[in-house]
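Worksheet: one structure, shown below.
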Amino acid sequence: MENKNELHADESGFMPFDPIVLIQDVAKRWLLILLAALIVGIGAYIKTDMEYAPVYQTNTTYVVTTRSSSSTVYSNLSSTSTLASVFTELLNSSILRNAILQEIGAKSFNGTINAAVIPETNLVTVQVTASDPRTAFLVAQAIIDHHETVTYQVVDGISLEVLQNPVVPTAPANYANASAQMKRMMVLTALVVFGVLAIASYLRDTVRSGKEARQKLECDYLGEIPHEQKYKTLFSRIRHKKTSILITNPITSFRFVETIRKLRRRVEQHMHGDKVLMVTSLLENEGKSTVAVNLALAMSQKHAKVLLIDCDLRKPACHALLEQKNVPYGLRDVLMGKANLADAMVRDKRSNLFLLLEKRGTKNSGDLLASERMQALLRWARKEFDFVVLDLPPMAEVSDAESIMELADASLLVVRQNTAVAPAVNKAIASLDSGKAKLLGCVLNNVSSTSLSSGQGYGYGGYGKYGHYGHYGHYGAKGSGK
């Protein structure tokens with residue numbers, strides 16, 4: 001009845017996932033966005049700089065008047081307008097061009113010559129552009145000396161007098177904009193790459209909310225775990241000093257503590273008197289060790305005797321989460337006969353939790369967990385403890401979880417939000433369902449949400465990262481189907 005009520009609440013018109021989740025997913029790839037922007041920006045800078053050709057220009061201003069003794073202001077303006085309409089063509093005519101080339105002693109001129117009327121005046125500005133300042137000045141000077149040979153032949157009765165002589169340009173008229181182009185291309189590239197990554201993230205068939213967990217995963221949904229900051233202060237963030245996310249830690253948020261207690265109640269209801277619970281995940285760094293440790297702590301607060309066993313012999317993490325620095329003997333020593341159980345098991349005075357931890361990783365963990373000593377250990381633990389919580393490695397990396405499924409009573413799958421694709425998670429679910437230990441369901445971890453989504457709370461990551469056990473493994477994220 002509890003799950004049905006929650007399902008009804010999730011179908012209240014909210015978005016299937018929060019946009020914040022998508023933004024966070026893309027933000028994880030900030031280095032890719034930065035590198036793409038830098039590469040394109042530098043390329044744009046080099047291209048713009050190589051194609052840049054400086055252009056120098058100089059201007060000459062002419063006064064246009066009519067030669068008639070009865071000329072008026074109106075006639076001068078009219079003559080200016082008439083002259084301007086044909087002056088540019090005249091200046092670029094072959095006759096004047098040949099005269100200019102002869103004057104400056106050049107074989108060709110690749111610049112431009114343009115004329116324009118200053119509005120409401122009888123002034124005409126002639127602008128000369130060239131690839132070097134000397135040529136621009138010499139051409140403008142040559143126009144002054146030879147323009148009459150052309151204008152008199154075409155526009156009779158008009159006189160041109162120089163009002164402002166040209167000067168040698170000291171700087172290019174067009175400035176190199178390579179830096180500005182680089183910045184524009186970097187911003188544009190960053191936006192494009194961000195958009196592409198956002199679309200790719202949206203199209204990935206992952207689990208991003210409680211609603212999607214119910215729709216996509218083929219098991220019961222036990223709830224979600226909200227975010228708890230690993231860095232409690234700015235100083236700890238600068239020093240990269242993480243704070244253990246434990247419900248017994250006084251600075252852990254009330255919301256996180258209550259969520260773990262709620263999960264503990266659901267787990268106990270589903271176990272129906274069974275004692276040995278294995279906690280695992282599909283991929284590394286989904287936070288399953290954090291869930292296992294806090295679930296054991298929550299059980300210890302209610303029951304007299306609870307045992308937590310770190311069965312992740314390849315990458316043990318429980319000792320770091322619980323800040324148990326002195327671990328002389330571990331589970332591996334017990335299973336290999338190198339230490340007695342009494343010497344390896346410790347009791348946490350703060351939480352009253354019994355611990356069988358491991359500090360050093362080993363490669364042959366599967367054989368040890370499937371050994372007769374492990375079976376004997378769990379038979380003894382069932383008699384001595386109210387609950388036994390086993391923290392197992394990720395299923396996609398090794399087969400350790402499968403090795404111990406026949407020894408445990410129940411299993412819990414931790415699914416980190418927006419991490420593994422749903423088909424791969426369902427393969428892991430099918431594997432857990434096929435074992436003797438009944439699958440209680442999954443819990444959605446690392447949940448990031450706002451009021452736009454159907455989820456609640458903000459997600460957090462697991463404690464640290466696993467090493468590479470192998471690429472995806474038997475039930476890896478590249479799997480397909482259900």
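Chains: A, B, ... in order of the structure tokens. Residues: from 1 per chain. Ligands: from 1, in order shown.
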Inset, instruction - Quick one: everything within 7 Å of range 86-100 of chain A, counting only C-alpha atoms, minus sequence neighbours fewer than 6 positions away in the same chain. Send it as a list of chain:residue names. - result: A:Ile113, A:Asn114, A:Ala115, A:Val139, A:Ala142, A:Ile143, A:His146, A:His147, A:Val150
Inset, instruction - Please provide the set of residues having any atom within 9 Å of Pro169 in chain A, restricted to only C-alpha atoms, with same-chain residues fewer than 6 positions apart removed, written as a VMD selection string. - result: chain A and resid 56 to 58 132 to 134 136 to 137
Hey, can you spit out that residue selection with C-alpha atoms as an mmCIF file, in the first residue's frame?
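Generated file (result_27.cif):
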```cif
data_model
loop_
_atom_site.group_PDB
_atom_site.id
_atom_site.type_symbol
_atom_site.label_atom_id
_atom_site.label_comp_id
_atom_site.auth_asym_id
_atom_site.auth_seq_id
_atom_site.Cartn_x
_atom_site.Cartn_y
_atom_site.Cartn_z
ATOM 1 C CA TYR A 56 45.387 52.035 -45.060
ATOM 2 C CA GLN A 57 43.166 54.872 -46.145
ATOM 3 C CA THR A 58 43.426 58.604 -46.617
ATOM 4 C CA ASP A 132 50.407 50.306 -47.555
ATOM 5 C CA PRO A 133 50.249 53.923 -46.355
ATOM 6 C CA ARG A 134 52.663 55.321 -48.941
ATOM 7 C CA ALA A 136 47.402 55.379 -50.445
ATOM 8 C CA PHE A 137 48.899 58.843 -50.033
#
```
Legend entry - Selected residue, from A:Ala296, A:Ala304, A:Val421, A:Leu440, that lies nearest to Glu212 in chain A when counting only C-alpha atoms: A:Val421
Legend entry - Proximity to Pro19 in chain A - best of A:Ala410, A:Ser201, A:Met336, A:Leu368, only C-alpha atoms: A:Ser201
Legend entry - Long-range neighbours of Ser300 in chain A as number ranges by chain, 12 Å cut-off, only C-alpha atoms, 5 positions minimum in chain: A: 247-248, 261, 264, 293-295, 305-308, 347-355, 385-389
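One finds CA of Leu138 in chain A at 10.6 Å from CA of Ala106 in chain A.
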Inset, instruction - Using DSSP on the backbone coordinates, identify the residues of range 250-310 of chain A assigned to alpha helix (DSSP H); present them as a ChimeraX atom specification. - result: /A:254-271,288-302
Legend entry - Polymer residues at most 6 Å from Asn445 in chain A, only C-alpha atoms, same-chain spacing of 2 or more positions, as a PyMOL selection string: chain A and resi 224-225+415-417+447
Inset, instruction - Give the answer as one residue: which of A:Leu191, A:Ile309, A:Ala376, A:Met345 has the shortest atom-to-atom distance to Ile33 in chain A, using only C-alpha atoms? - result: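 The answer is A:Leu191, which sits nearest to Ile33 in chain A.
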Inset, instruction - Pick out the residues sitting within 10 Å of Ala44 in chain A, and hand them over as a list in words; count only C-alpha atoms, and ignore anything fewer than 5 positions along from it in its own chain. - result: Leu38, Ile39, Asp49, Met50, Ala178, Ser179, Ala180, Gln181, Met182, Lys183, Arg184, Met185 and Met186 of chain A
Inset, instruction - Give me the residues within 10 Å of Leu369 in chain A as a PyMOL selection string, counting only C-alpha atoms and dropping any in the same chain fewer than 2 places off. - result: chain A and resi 311-313+331-332+335+364-367+371-375+392+400-404+407
Inset, instruction - With a distance cut-off of 12 Å and only C-alpha atoms, select the neighbouring residues of Asp333 in chain A, excluding the residue or stretch itself and same-chain residues fewer than 4 positions from it, and output the selection as a list in words. - result: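 Selected residues are Leu313, Val327, Pro328, Tyr329, Gly337, Lys338, Ala339, Asn340, Leu341, Ala342, Asp343, Ala344, Met345, Leu356, Leu357, Glu358, Lys359, Arg360, Gly361, Thr362, Ser365, Leu368, Arg373 and Met374 of chain A.
Of note, CA of Leu203 in chain A and CA of Gln229 in chain A are spaced 28.4 Å apart.
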Inset, instruction - Apply DSSP to the backbone of this structure and, from range 392-424 of chain A, keep only the residues in strand (DSSP E); write these as a VMD selection string. - result: chain A and resid 410 to 416
Legend entry - Nearest to Val414 in chain A, chosen from A:Asn165, A:Thr280, A:Ser431, A:Ser399, with only C-alpha atoms counted in the distances: A:Thr280
Legend entry - Counting only C-alpha atoms, the option among A:Tyr45, A:Gly441, A:Leu321, A:Val276 closest to Leu378 in chain A: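 Using only C-alpha atoms, Leu378 in chain A sits closest to A:Val276.
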